$ cat protein21.cif   # mmCIF, C-alpha atoms and all ligand atoms
data_final
loop_
_atom_site.group_PDB
_atom_site.id
_atom_site.type_symbol
_atom_site.label_atom_id
_atom_site.label_comp_id
_atom_site.auth_asym_id
_atom_site.auth_seq_id
_atom_site.Cartn_x
_atom_site.Cartn_y
_atom_site.Cartn_z
ATOM 1 C CA MET H 27 82.836 75.404 97.203
ATOM 2 C CA GLN H 28 81.769 78.624 95.512
ATOM 3 C CA ASN H 29 83.723 79.404 92.368
ATOM 4 C CA ILE H 30 84.814 83.027 92.646
ATOM 5 C CA LYS H 31 86.775 84.252 89.676
ATOM 6 C CA PRO H 32 90.376 84.929 90.734
ATOM 7 C CA GLN H 33 91.013 88.448 89.503
ATOM 8 C CA PRO H 34 91.664 91.814 91.136
ATOM 9 C CA ALA H 35 88.433 93.429 92.319
ATOM 10 C CA ASN H 36 89.663 96.699 90.851
ATOM 11 C CA LEU H 37 90.253 96.385 87.098
ATOM 12 C CA ALA H 38 92.152 99.693 86.847
ATOM 13 C CA PRO H 39 95.882 99.400 86.130
ATOM 14 C CA ARG H 40 98.320 100.924 88.591
ATOM 15 C CA SER H 41 97.876 104.660 88.946
ATOM 16 C CA PRO H 42 99.870 106.752 86.468
ATOM 17 C CA GLU H 43 102.859 108.751 87.684
ATOM 18 C CA PHE H 44 102.741 112.420 86.785
ATOM 19 C CA PRO H 45 103.974 115.598 88.453
ATOM 20 C CA TRP H 46 101.769 117.777 90.612
ATOM 21 C CA PRO H 47 101.376 121.418 89.497
ATOM 22 C CA ASP H 48 104.088 124.012 90.230
ATOM 23 C CA ASN H 49 106.672 121.347 91.041
ATOM 24 C CA LYS H 50 104.850 120.442 94.226
ATOM 25 C CA LYS H 51 105.839 117.146 95.733
ATOM 26 C CA THR H 52 102.490 116.071 97.120
ATOM 27 C CA ALA H 53 98.851 117.093 97.346
ATOM 28 C CA LEU H 54 96.532 117.588 100.302
ATOM 29 C CA PHE H 55 92.842 117.120 99.551
ATOM 30 C CA VAL H 56 90.853 118.486 102.471
ATOM 31 C CA GLY H 57 87.454 116.807 102.242
ATOM 32 C CA PHE H 58 84.402 116.977 104.505
ATOM 33 C CA ASP H 59 81.307 114.814 104.442
ATOM 34 C CA VAL H 60 78.434 117.052 105.453
ATOM 35 C CA ASP H 61 75.877 114.533 106.683
ATOM 36 C CA ALA H 62 74.085 116.714 109.242
ATOM 37 C CA GLU H 63 70.996 114.862 110.510
ATOM 38 C CA SER H 64 70.724 112.734 107.352
ATOM 39 C CA VAL H 65 73.329 110.221 108.523
ATOM 40 C CA TRP H 66 71.143 109.465 111.545
ATOM 41 C CA ILE H 67 67.970 109.261 109.446
ATOM 42 C CA GLY H 68 69.796 106.979 107.016
ATOM 43 C CA MET H 69 70.648 104.662 109.936
ATOM 44 C CA ASP H 70 67.033 104.526 111.142
ATOM 45 C CA PRO H 71 64.180 106.684 109.783
ATOM 46 C CA LYS H 72 62.607 106.597 113.257
ATOM 47 C CA ASN H 73 65.520 108.763 114.414
ATOM 48 C CA THR H 74 63.669 111.792 113.010
ATOM 49 C CA GLU H 75 61.589 111.577 116.190
ATOM 50 C CA ARG H 76 64.628 111.077 118.434
ATOM 51 C CA LEU H 77 65.586 114.689 118.846
ATOM 52 C CA VAL H 78 68.740 114.187 120.886
ATOM 53 C CA THR H 79 70.083 111.685 118.353
ATOM 54 C CA MET H 80 69.257 114.176 115.597
ATOM 55 C CA SER H 81 71.065 116.914 117.507
ATOM 56 C CA TYR H 82 74.444 115.313 116.774
ATOM 57 C CA GLY H 83 73.841 116.173 113.140
ATOM 58 C CA GLY H 84 72.223 119.497 113.934
ATOM 59 C CA TYR H 85 75.530 120.608 115.440
ATOM 60 C CA GLU H 86 76.945 120.958 111.938
ATOM 61 C CA ALA H 87 74.780 123.907 110.892
ATOM 62 C CA ARG H 88 74.710 125.553 114.309
ATOM 63 C CA VAL H 89 78.425 125.385 115.150
ATOM 64 C CA GLY H 90 80.573 122.875 113.248
ATOM 65 C CA VAL H 91 80.547 124.235 109.716
ATOM 66 C CA PRO H 92 80.813 127.955 110.664
ATOM 67 C CA LYS H 93 83.813 127.217 112.901
ATOM 68 C CA LEU H 94 85.474 125.011 110.280
ATOM 69 C CA LEU H 95 85.022 127.703 107.649
ATOM 70 C CA GLU H 96 86.880 130.097 109.956
ATOM 71 C CA VAL H 97 89.791 127.673 110.336
ATOM 72 C CA LEU H 98 89.980 127.017 106.588
ATOM 73 C CA ALA H 99 89.934 130.752 105.823
ATOM 74 C CA ARG H 100 92.712 131.383 108.339
ATOM 75 C CA HIS H 101 94.895 128.745 106.687
ATOM 76 C CA GLU H 102 93.816 129.878 103.205
ATOM 77 C CA VAL H 103 92.691 126.366 102.341
ATOM 78 C CA LYS H 104 89.948 125.556 99.845
ATOM 79 C CA ALA H 105 88.186 122.301 100.685
ATOM 80 C CA THR H 106 85.604 120.013 99.124
ATOM 81 C CA PHE H 107 82.345 119.507 100.995
ATOM 82 C CA PHE H 108 80.427 116.363 100.012
ATOM 83 C CA ILE H 109 76.862 117.213 101.032
ATOM 84 C CA THR H 110 73.716 115.075 101.079
ATOM 85 C CA GLY H 111 70.690 116.441 99.220
ATOM 86 C CA TRP H 112 68.606 116.276 102.393
ATOM 87 C CA THR H 113 71.155 118.503 104.129
ATOM 88 C CA VAL H 114 71.152 120.980 101.252
ATOM 89 C CA GLU H 115 67.383 121.291 101.580
ATOM 90 C CA ALA H 116 67.357 121.400 105.385
ATOM 91 C CA HIS H 117 70.293 123.805 105.796
ATOM 92 C CA PRO H 118 70.477 126.008 102.693
ATOM 93 C CA ALA H 119 72.133 128.932 104.494
ATOM 94 C CA MET H 120 74.941 126.711 105.798
ATOM 95 C CA CYS H 121 75.567 125.433 102.281
ATOM 96 C CA GLU H 122 75.506 128.955 100.830
ATOM 97 C CA ASP H 123 78.181 129.920 103.382
ATOM 98 C CA ILE H 124 80.343 126.994 102.201
ATOM 99 C CA LEU H 125 80.075 128.192 98.592
ATOM 100 C CA ALA H 126 80.691 131.800 99.631
ATOM 101 C CA GLY H 127 83.968 130.638 101.201
ATOM 102 C CA GLY H 128 85.124 129.552 97.753
ATOM 103 C CA HIS H 129 84.917 125.837 98.516
ATOM 104 C CA GLU H 130 83.796 123.043 96.233
ATOM 105 C CA VAL H 131 80.438 121.392 96.884
ATOM 106 C CA ALA H 132 80.118 117.776 95.787
ATOM 107 C CA HIS H 133 77.550 114.954 96.026
ATOM 108 C CA HIS H 134 77.081 112.642 99.017
ATOM 109 C CA GLY H 135 73.753 110.995 98.256
ATOM 110 C CA TYR H 136 70.360 112.279 99.324
ATOM 111 C CA LEU H 137 69.501 110.496 102.560
ATOM 112 C CA HIS H 138 72.993 109.134 103.156
ATOM 113 C CA LEU H 139 72.090 105.690 101.814
ATOM 114 C CA ARG H 140 74.998 103.351 101.212
ATOM 115 C CA PRO H 141 75.532 101.785 97.793
ATOM 116 C CA GLU H 142 75.065 98.053 98.374
ATOM 117 C CA PRO H 143 75.117 95.477 95.559
ATOM 118 C CA GLY H 144 71.536 94.961 94.413
ATOM 119 C CA ASN H 145 70.134 98.354 95.418
ATOM 120 C CA ILE H 146 70.629 100.164 92.112
ATOM 121 C CA ASP H 147 67.037 101.420 91.886
ATOM 122 C CA VAL H 148 67.234 102.946 95.353
ATOM 123 C CA MET H 149 70.638 104.445 94.558
ATOM 124 C CA ALA H 150 69.505 105.898 91.243
ATOM 125 C CA GLU H 151 66.819 107.787 93.134
ATOM 126 C CA GLU H 152 69.359 108.814 95.808
ATOM 127 C CA VAL H 153 71.746 110.227 93.219
ATOM 128 C CA ASP H 154 69.038 111.954 91.167
ATOM 129 C CA ARG H 155 67.367 113.518 94.201
ATOM 130 C CA GLY H 156 70.755 114.741 95.397
ATOM 131 C CA LEU H 157 71.548 116.237 91.985
ATOM 132 C CA GLU H 158 68.143 117.906 91.882
ATOM 133 C CA ALA H 159 68.570 119.431 95.359
ATOM 134 C CA LEU H 160 72.071 120.746 94.606
ATOM 135 C CA LYS H 161 70.814 122.322 91.386
ATOM 136 C CA ARG H 162 67.604 123.798 92.760
ATOM 137 C CA VAL H 163 68.937 125.125 96.091
ATOM 138 C CA LEU H 164 72.540 125.999 95.280
ATOM 139 C CA GLY H 165 72.480 126.229 91.486
ATOM 140 C CA ILE H 166 75.368 123.814 91.056
ATOM 141 C CA VAL H 167 76.110 120.613 89.158
ATOM 142 C CA PRO H 168 78.617 118.638 91.255
ATOM 143 C CA LYS H 169 81.681 117.060 89.669
ATOM 144 C CA GLY H 170 82.480 114.657 92.487
ATOM 145 C CA TYR H 171 80.730 111.968 94.509
ATOM 146 C CA ARG H 172 81.699 110.307 97.767
ATOM 147 C CA ALA H 173 79.778 107.209 98.847
ATOM 148 C CA PRO H 174 77.944 107.490 102.171
ATOM 149 C CA GLY H 175 79.173 104.666 104.368
ATOM 150 C CA GLY H 176 82.014 104.052 101.926
ATOM 151 C CA GLU H 177 80.822 101.252 99.626
ATOM 152 C CA SER H 178 80.272 100.801 95.902
ATOM 153 C CA TYR H 179 79.792 98.258 93.111
ATOM 154 C CA THR H 180 80.189 98.076 89.347
ATOM 155 C CA GLU H 181 76.599 98.883 88.380
ATOM 156 C CA PHE H 182 76.625 101.891 90.672
ATOM 157 C CA LEU H 183 79.930 103.134 89.276
ATOM 158 C CA GLU H 184 78.350 102.894 85.822
ATOM 159 C CA LEU H 185 75.434 104.962 87.090
ATOM 160 C CA LEU H 186 77.858 107.653 88.321
ATOM 161 C CA ALA H 187 79.510 107.672 84.888
ATOM 162 C CA ASP H 188 76.096 107.946 83.179
ATOM 163 C CA ARG H 189 75.182 110.902 85.387
ATOM 164 C CA GLY H 190 78.365 112.663 84.250
ATOM 165 C CA PHE H 191 80.406 112.580 87.452
ATOM 166 C CA GLN H 192 84.022 113.473 86.775
ATOM 167 C CA TYR H 193 85.387 111.845 89.898
ATOM 168 C CA SER H 194 84.658 109.576 92.838
ATOM 169 C CA SER H 195 86.437 109.685 96.179
ATOM 170 C CA SER H 196 85.591 106.496 98.032
ATOM 171 C CA TRP H 197 88.133 103.756 97.283
ATOM 172 C CA ARG H 198 90.958 102.966 99.717
ATOM 173 C CA ASP H 199 93.416 101.239 97.441
ATOM 174 C CA ASP H 200 95.901 103.880 96.349
ATOM 175 C CA ILE H 201 97.784 107.045 97.202
ATOM 176 C CA ARG H 202 97.424 108.564 93.733
ATOM 177 C CA PRO H 203 94.408 109.209 91.518
ATOM 178 C CA TYR H 204 93.537 106.788 88.737
ATOM 179 C CA ARG H 205 90.717 106.220 86.282
ATOM 180 C CA HIS H 206 88.218 103.456 86.975
ATOM 181 C CA VAL H 207 87.943 100.717 84.364
ATOM 182 C CA LEU H 208 84.410 99.427 83.911
ATOM 183 C CA PRO H 209 83.546 96.265 81.974
ATOM 184 C CA ARG H 210 82.190 98.562 79.243
ATOM 185 C CA GLY H 211 85.173 100.956 79.243
ATOM 186 C CA ALA H 212 86.486 104.018 81.072
ATOM 187 C CA GLY H 213 84.801 105.145 84.289
ATOM 188 C CA PRO H 214 85.185 108.190 86.535
ATOM 189 C CA ILE H 215 88.507 109.263 88.038
ATOM 190 C CA GLU H 216 89.089 107.964 91.554
ATOM 191 C CA ILE H 217 90.779 110.118 94.183
ATOM 192 C CA PRO H 218 91.251 107.454 96.854
ATOM 193 C CA VAL H 219 90.672 108.320 100.486
ATOM 194 C CA ASN H 220 93.018 107.724 103.359
ATOM 195 C CA TYR H 221 90.921 105.945 105.958
ATOM 196 C CA SER H 222 93.195 107.154 108.761
ATOM 197 C CA PHE H 223 91.775 110.599 108.086
ATOM 198 C CA ASP H 224 88.193 109.541 108.780
ATOM 199 C CA ASP H 225 87.565 111.437 112.003
ATOM 200 C CA TRP H 226 84.411 109.390 112.742
ATOM 201 C CA ASN H 227 86.706 106.546 113.828
ATOM 202 C CA PHE H 228 88.519 108.704 116.351
ATOM 203 C CA GLY H 229 86.034 111.247 117.549
ATOM 204 C CA MET H 230 82.426 110.038 117.442
ATOM 205 C CA THR H 231 80.798 108.404 120.396
ATOM 206 C CA HIS H 232 77.068 108.163 120.985
ATOM 207 C CA ARG H 233 74.409 106.236 122.879
ATOM 208 C CA SER H 234 74.109 103.374 120.425
ATOM 209 C CA GLY H 235 77.808 103.281 119.578
ATOM 210 C CA SER H 236 79.698 104.432 122.615
ATOM 211 C CA ARG H 237 83.439 104.081 122.674
ATOM 212 C CA ALA H 238 86.484 105.942 123.908
ATOM 213 C CA LEU H 239 87.579 109.025 121.979
ATOM 214 C CA PHE H 240 91.111 109.454 120.696
ATOM 215 C CA GLY H 241 92.881 112.557 121.951
ATOM 216 C CA ARG H 242 94.790 115.180 120.021
ATOM 217 C CA GLU H 243 98.259 113.679 120.291
ATOM 218 C CA ASP H 244 97.040 110.260 119.134
ATOM 219 C CA VAL H 245 95.251 111.607 116.082
ATOM 220 C CA LEU H 246 97.805 114.279 115.220
ATOM 221 C CA GLY H 247 100.564 111.657 115.360
ATOM 222 C CA ILE H 248 98.705 109.365 112.962
ATOM 223 C CA TRP H 249 97.825 112.210 110.612
ATOM 224 C CA LYS H 250 101.381 113.601 110.527
ATOM 225 C CA ASP H 251 102.898 110.163 109.904
ATOM 226 C CA GLU H 252 100.435 109.344 107.137
ATOM 227 C CA PHE H 253 100.903 112.730 105.511
ATOM 228 C CA GLU H 254 104.697 112.722 105.690
ATOM 229 C CA GLN H 255 105.099 109.255 104.207
ATOM 230 C CA THR H 256 102.522 110.030 101.494
ATOM 231 C CA ARG H 257 104.512 113.195 100.762
ATOM 232 C CA ASP H 258 107.728 111.161 100.430
ATOM 233 C CA TRP H 259 105.930 108.899 97.980
ATOM 234 C CA GLY H 260 104.537 111.836 96.023
ATOM 235 C CA GLY H 261 100.900 110.906 96.622
ATOM 236 C CA VAL H 262 97.747 112.707 97.632
ATOM 237 C CA THR H 263 96.504 112.737 101.201
ATOM 238 C CA THR H 264 92.704 112.661 101.088
ATOM 239 C CA MET H 265 90.934 113.613 104.305
ATOM 240 C CA VAL H 266 87.480 112.352 105.286
ATOM 241 C CA MET H 267 86.179 114.629 108.011
ATOM 242 C CA HIS H 268 82.700 115.328 109.326
ATOM 243 C CA PRO H 269 81.690 118.727 110.753
ATOM 244 C CA GLN H 270 79.795 116.959 113.562
ATOM 245 C CA VAL H 271 83.119 115.409 114.596
ATOM 246 C CA SER H 272 85.973 117.716 113.557
ATOM 247 C CA GLY H 273 83.854 120.791 114.241
ATOM 248 C CA ARG H 274 83.780 119.893 117.951
ATOM 249 C CA PRO H 275 85.846 122.187 120.210
ATOM 250 C CA MET H 276 88.811 119.925 120.987
ATOM 251 C CA ARG H 277 88.789 118.241 117.591
ATOM 252 C CA ILE H 278 88.937 121.426 115.576
ATOM 253 C CA ARG H 279 92.292 122.053 117.236
ATOM 254 C CA ILE H 280 93.588 118.802 115.767
ATOM 255 C CA LEU H 281 92.732 119.998 112.273
ATOM 256 C CA ASP H 282 94.077 123.482 113.014
ATOM 257 C CA GLN H 283 97.429 122.081 114.161
ATOM 258 C CA PHE H 284 97.573 119.590 111.310
ATOM 259 C CA LEU H 285 97.080 122.354 108.736
ATOM 260 C CA THR H 286 99.767 124.446 110.456
ATOM 261 C CA HIS H 287 102.096 121.437 110.206
ATOM 262 C CA VAL H 288 101.341 120.835 106.521
ATOM 263 C CA ARG H 289 101.697 124.561 105.767
ATOM 264 C CA SER H 290 105.244 124.388 107.185
ATOM 265 C CA TYR H 291 106.207 122.511 103.997
ATOM 266 C CA GLU H 292 106.384 124.572 100.852
ATOM 267 C CA ASP H 293 106.009 121.666 98.446
ATOM 268 C CA VAL H 294 102.386 120.789 99.170
ATOM 269 C CA TRP H 295 99.621 121.452 96.663
ATOM 270 C CA PHE H 296 96.406 122.188 98.574
ATOM 271 C CA ALA H 297 93.703 121.215 96.118
ATOM 272 C CA THR H 298 90.004 120.457 95.933
ATOM 273 C CA GLY H 299 88.766 117.213 94.427
ATOM 274 C CA ALA H 300 87.762 118.969 91.212
ATOM 275 C CA GLU H 301 91.202 120.592 90.890
ATOM 276 C CA ILE H 302 92.899 117.214 91.304
ATOM 277 C CA ALA H 303 90.536 115.589 88.790
ATOM 278 C CA ASP H 304 91.112 118.419 86.272
ATOM 279 C CA HIS H 305 94.865 118.052 86.697
ATOM 280 C CA PHE H 306 94.583 114.292 86.180
ATOM 281 C CA GLU H 307 92.612 114.842 82.966
ATOM 282 C CA ARG H 308 95.191 117.273 81.584
ATOM 283 C CA HIS H 309 97.929 114.731 82.238
ATOM 284 C CA GLU H 310 95.833 111.937 80.726
ATOM 285 C CA ALA H 311 95.124 113.981 77.580
ATOM 286 C CA ALA H 312 98.845 114.764 77.191
ATOM 287 C CA GLN H 313 99.684 111.071 77.609
ATOM 288 C CA ASN H 314 97.118 110.044 75.008
ATOM 289 C CA ASN H 315 98.455 112.652 72.562
ATOM 290 C CA SER H 316 102.023 111.470 72.963
ATOM 291 C CA THR H 317 101.104 107.775 72.549
ATOM 292 C CA GLN H 318 99.078 108.553 69.430
ATOM 293 C CA ARG H 319 102.004 110.289 67.770
HETATM 294 ZN ZN ZN D 401 78.637 110.689 105.211
#

$ encode --input "protein21.cif" --output "structure tokens"
Amino acid sequence: MQNIKPQPANLAPRSPEFPWPDNKKTALFVGFDVDAESVWIGMDPKNTERLVTMSYGGYEARVGVPKLLEVLARHEVKATFFITGWTVEAHPAMCEDILAGGHEVAHHGYLHLRPEPGNIDVMAEEVDRGLEALKRVLGIVPKGYRAPGGESYTEFLELLADRGFQYSSSWRDDIRPYRHVLPRGAGPIEIPVNYSFDDWNFGMTHRSGSRALFGREDVLGIWKDEFEQTRDWGGVTTMVMHPQVSGRPMRIRILDQFLTHVRSYEDVWFATGAEIADHFERHEAAQNNSTQR
């Protein structure tokens, strides 16, 4: 029998308790993964020649993102858009519009390749090409990273720390932010995602992965329940949406109604990933000062 060391996979202690700004009870982190065509290329490079498959991703620049930006502006919500480097290069105008809306742009790989144990060389190139594209096309240095396909490993987390990322938003093990603990010491902050807010699971169906879609009442019910209980617990609700899913006509209504629902509470801090990470760091610095005294 294989001898696997019995210890928690995540070495970080339980997330620290600290108040949200302005006496808010909870936080809503509206996050989008802007994959465009790159998610389909990442699945199979031959898809570049399959124009209908590619058109799922192409919807983002043509319709999805512009319509989502309208909804966010109407609700006065600033979101974080995790964008692949390939998408930044292929759709610079779409990305400029995101920045012009006052939203945060963060890193989502280059060709949407998933961190898998053993592929550190490939992932180093992914991260560096993504950083280069964000800098050259949009003039930004991202603070946050979300893993395409939602996976990670220690060596890769170390790479993110070495590249200066302030936060990651990929883990699924908490309702509050915490700081990663690497074998060599402190790692980036984690703002864990709520997997129930990954719209791909409810609203994406295609030729090679066809399945029934979930309607508005199903999804809205799940989202409201998750949000309300997270609010009671004082956590952060982290959304994982894709413009090629939630930018679709009937699905954008789900988001619209969800934001209306959340706006009906006055104790919700709507924050970007960077704002949450900055707030975490202020709290952490205050904690360290008080323990040193
Ligand atoms: Zn993605």

$ atom_distance --input "protein21.cif" --atom1 "atom CA of H:Glu96" --atom2 "atom CA of H:His129"
12.4 Å

$ closest_residue --input "protein21.cif" --among "H:Gly299, H:Gly135, H:Pro203, H:Pro42" --to "ligand ZN 401 (chain D)" --atoms "all atoms listed in the file"
H:Gly135

$ resolve_selection --input "protein21.cif" --expression "the PyMOL selection byres (((not hetatm)) within 7 of (chain D and resi 401))" --output "PyMOL selection string"
chain H and resi 59-61+65+134+138+174-175

$ axis_aligned_box --input "protein21.cif" --around "stretch 152-157 of chain H" --padding-each-side "3 Å" --output "lines of an AutoDock Vina configuration file"
center_x = 69.6
center_y = 112.5
center_z = 93.5
size_x = 10.4
size_y = 13.4
size_z = 10.6

$ resolve_selection --input "protein21.cif" --expression "the PyMOL selection byres (((chain H and resi 230) around 12) and not hetatm)" --output "MDAnalysis selection string"
chainID H and resid 82:83 224:229 231:241 267:274 277

$ atom_distance --input "protein21.cif" --atom1 "atom CA of H:Gly127" --atom2 "atom CA of H:Val219"
23.3 Å

$ resolve_selection --input "protein21.cif" --expression "the PyMOL selection byres (((chain H and resi 304) around 12) and not hetatm)" --output "PyMOL selection string"
chain H and resi 46-47+169-170+192-193+203+214-217+297-303+305-311

$ write_last_selection --input "protein21.cif" --atoms "C-alpha atoms" --output "tab-separated table (two decimals), in the frame of the given file"
chain	number	residue	atom	x	y	z
H	46	TRP	CA	101.77	117.78	90.61
H	47	PRO	CA	101.38	121.42	89.50
H	169	LYS	CA	81.68	117.06	89.67
H	170	GLY	CA	82.48	114.66	92.49
H	192	GLN	CA	84.02	113.47	86.78
H	193	TYR	CA	85.39	111.84	89.90
H	203	PRO	CA	94.41	109.21	91.52
H	214	PRO	CA	85.18	108.19	86.54
H	215	ILE	CA	88.51	109.26	88.04
H	216	GLU	CA	89.09	107.96	91.55
H	217	ILE	CA	90.78	110.12	94.18
H	297	ALA	CA	93.70	121.22	96.12
H	298	THR	CA	90.00	120.46	95.93
H	299	GLY	CA	88.77	117.21	94.43
H	300	ALA	CA	87.76	118.97	91.21
H	301	GLU	CA	91.20	120.59	90.89
H	302	ILE	CA	92.90	117.21	91.30
H	303	ALA	CA	90.54	115.59	88.79
H	305	HIS	CA	94.86	118.05	86.70
H	306	PHE	CA	94.58	114.29	86.18
H	307	GLU	CA	92.61	114.84	82.97
H	308	ARG	CA	95.19	117.27	81.58
H	309	HIS	CA	97.93	114.73	82.24
H	310	GLU	CA	95.83	111.94	80.73
H	311	ALA	CA	95.12	113.98	77.58

$ closest_residue --input "protein21.cif" --among "H:Leu95, H:Pro32, H:Leu125, H:Tyr85" --to "H:Leu281" --atoms "only C-alpha atoms"
H:Leu95

$ atom_distance --input "protein21.cif" --atom1 "atom CA of H:Phe108" --atom2 "atom CA of H:Glu130"
8.4 Å

$ closest_residue --input "protein21.cif" --among "H:Thr79, H:Gln28, H:Asn145, H:Thr113" --to "H:Ala159" --atoms "only C-alpha atoms"
H:Thr113

$ residues_around --input "protein21.cif" --residues "H:Tyr179" --least-positions-apart "5" --cutoff "12 Å" --atoms "all atoms listed in the file" --output "number ranges by chain"
H: 35-36, 140-146, 149, 173, 184-186, 196-197, 206, 208-209

$ write_last_selection --input "protein21.cif" --atoms "C-alpha atoms" --output "PDB file, in the coordinates of the input"
ATOM      1  CA  ALA H  35      88.433  93.429  92.319  1.00  0.00           C
ATOM      2  CA  ASN H  36      89.663  96.699  90.851  1.00  0.00           C
ATOM      3  CA  ARG H 140      74.998 103.351 101.212  1.00  0.00           C
ATOM      4  CA  PRO H 141      75.532 101.785  97.793  1.00  0.00           C
ATOM      5  CA  GLU H 142      75.065  98.053  98.374  1.00  0.00           C
ATOM      6  CA  PRO H 143      75.117  95.477  95.559  1.00  0.00           C
ATOM      7  CA  GLY H 144      71.536  94.961  94.413  1.00  0.00           C
ATOM      8  CA  ASN H 145      70.134  98.354  95.418  1.00  0.00           C
ATOM      9  CA  ILE H 146      70.629 100.164  92.112  1.00  0.00           C
ATOM     10  CA  MET H 149      70.638 104.445  94.558  1.00  0.00           C
ATOM     11  CA  ALA H 173      79.778 107.209  98.847  1.00  0.00           C
ATOM     12  CA  GLU H 184      78.350 102.894  85.822  1.00  0.00           C
ATOM     13  CA  LEU H 185      75.434 104.962  87.090  1.00  0.00           C
ATOM     14  CA  LEU H 186      77.858 107.653  88.321  1.00  0.00           C
ATOM     15  CA  SER H 196      85.591 106.496  98.032  1.00  0.00           C
ATOM     16  CA  TRP H 197      88.133 103.756  97.283  1.00  0.00           C
ATOM     17  CA  HIS H 206      88.218 103.456  86.975  1.00  0.00           C
ATOM     18  CA  LEU H 208      84.410  99.427  83.911  1.00  0.00           C
ATOM     19  CA  PRO H 209      83.546  96.265  81.974  1.00  0.00           C
TER      20      PRO H 209
END

$ closest_residue --input "protein21.cif" --among "H:Val262, H:Ile109, H:Val103, H:Leu139" --to "H:Leu157" --atoms "all atoms listed in the file"
H:Ile109

$ closest_residue --input "protein21.cif" --among "H:Pro275, H:Gly84, H:Gly261, H:Gly68" --to "H:His117" --atoms "all atoms listed in the file"
H:Gly84

$ decode --input "protein21.cif" --residues "stretch 48-94 of chain H" --atoms "C-alpha atoms" --output "CSV table (one decimal), in the first residue's frame"
chain,number,residue,atom,x,y,z
H,48,ASP,CA,-17.6,50.1,7.0
H,49,ASN,CA,-19.2,47.6,9.4
H,50,LYS,CA,-20.4,45.4,6.5
H,51,LYS,CA,-21.4,42.0,7.4
H,52,THR,CA,-20.3,40.1,4.3
H,53,ALA,CA,-18.5,40.6,1.0
H,54,LEU,CA,-19.5,39.9,-2.6
H,55,PHE,CA,-16.7,39.3,-5.0
H,56,VAL,CA,-18.0,39.4,-8.5
H,57,GLY,CA,-15.5,37.5,-10.6
H,58,PHE,CA,-15.5,36.6,-14.3
H,59,ASP,CA,-13.1,34.3,-16.2
H,60,VAL,CA,-12.7,35.7,-19.6
H,61,ASP,CA,-11.6,32.7,-21.6
H,62,ALA,CA,-12.9,33.7,-25.0
H,63,GLU,CA,-11.7,31.2,-27.6
H,64,SER,CA,-8.6,30.2,-25.6
H,65,VAL,CA,-10.6,27.8,-23.4
H,66,TRP,CA,-11.4,25.8,-26.6
H,67,ILE,CA,-7.9,26.0,-27.9
H,68,GLY,CA,-6.6,24.9,-24.5
H,69,MET,CA,-8.9,21.8,-24.7
H,70,ASP,CA,-7.6,20.9,-28.2
H,71,PRO,CA,-5.3,23.1,-30.4
H,72,LYS,CA,-7.1,21.7,-33.5
H,73,ASN,CA,-10.2,23.6,-32.4
H,74,THR,CA,-8.6,26.7,-34.0
H,75,GLU,CA,-9.8,25.2,-37.3
H,76,ARG,CA,-13.3,24.3,-35.9
H,77,LEU,CA,-14.9,27.7,-36.4
H,78,VAL,CA,-18.3,26.8,-34.8
H,79,THR,CA,-16.6,25.5,-31.7
H,80,MET,CA,-14.5,28.7,-31.5
H,81,SER,CA,-17.6,30.8,-31.9
H,82,TYR,CA,-18.7,29.9,-28.4
H,83,GLY,CA,-15.7,31.8,-27.1
H,84,GLY,CA,-16.1,34.5,-29.8
H,85,TYR,CA,-19.4,35.4,-28.3
H,86,GLU,CA,-17.6,37.0,-25.4
H,87,ALA,CA,-16.2,39.9,-27.4
H,88,ARG,CA,-19.1,40.3,-29.7
H,89,VAL,CA,-22.0,40.3,-27.1
H,90,GLY,CA,-21.2,38.8,-23.7
H,91,VAL,CA,-18.8,41.2,-22.2
H,92,PRO,CA,-20.4,44.4,-23.6
H,93,LYS,CA,-23.8,43.3,-22.2
H,94,LEU,CA,-22.3,42.3,-18.8
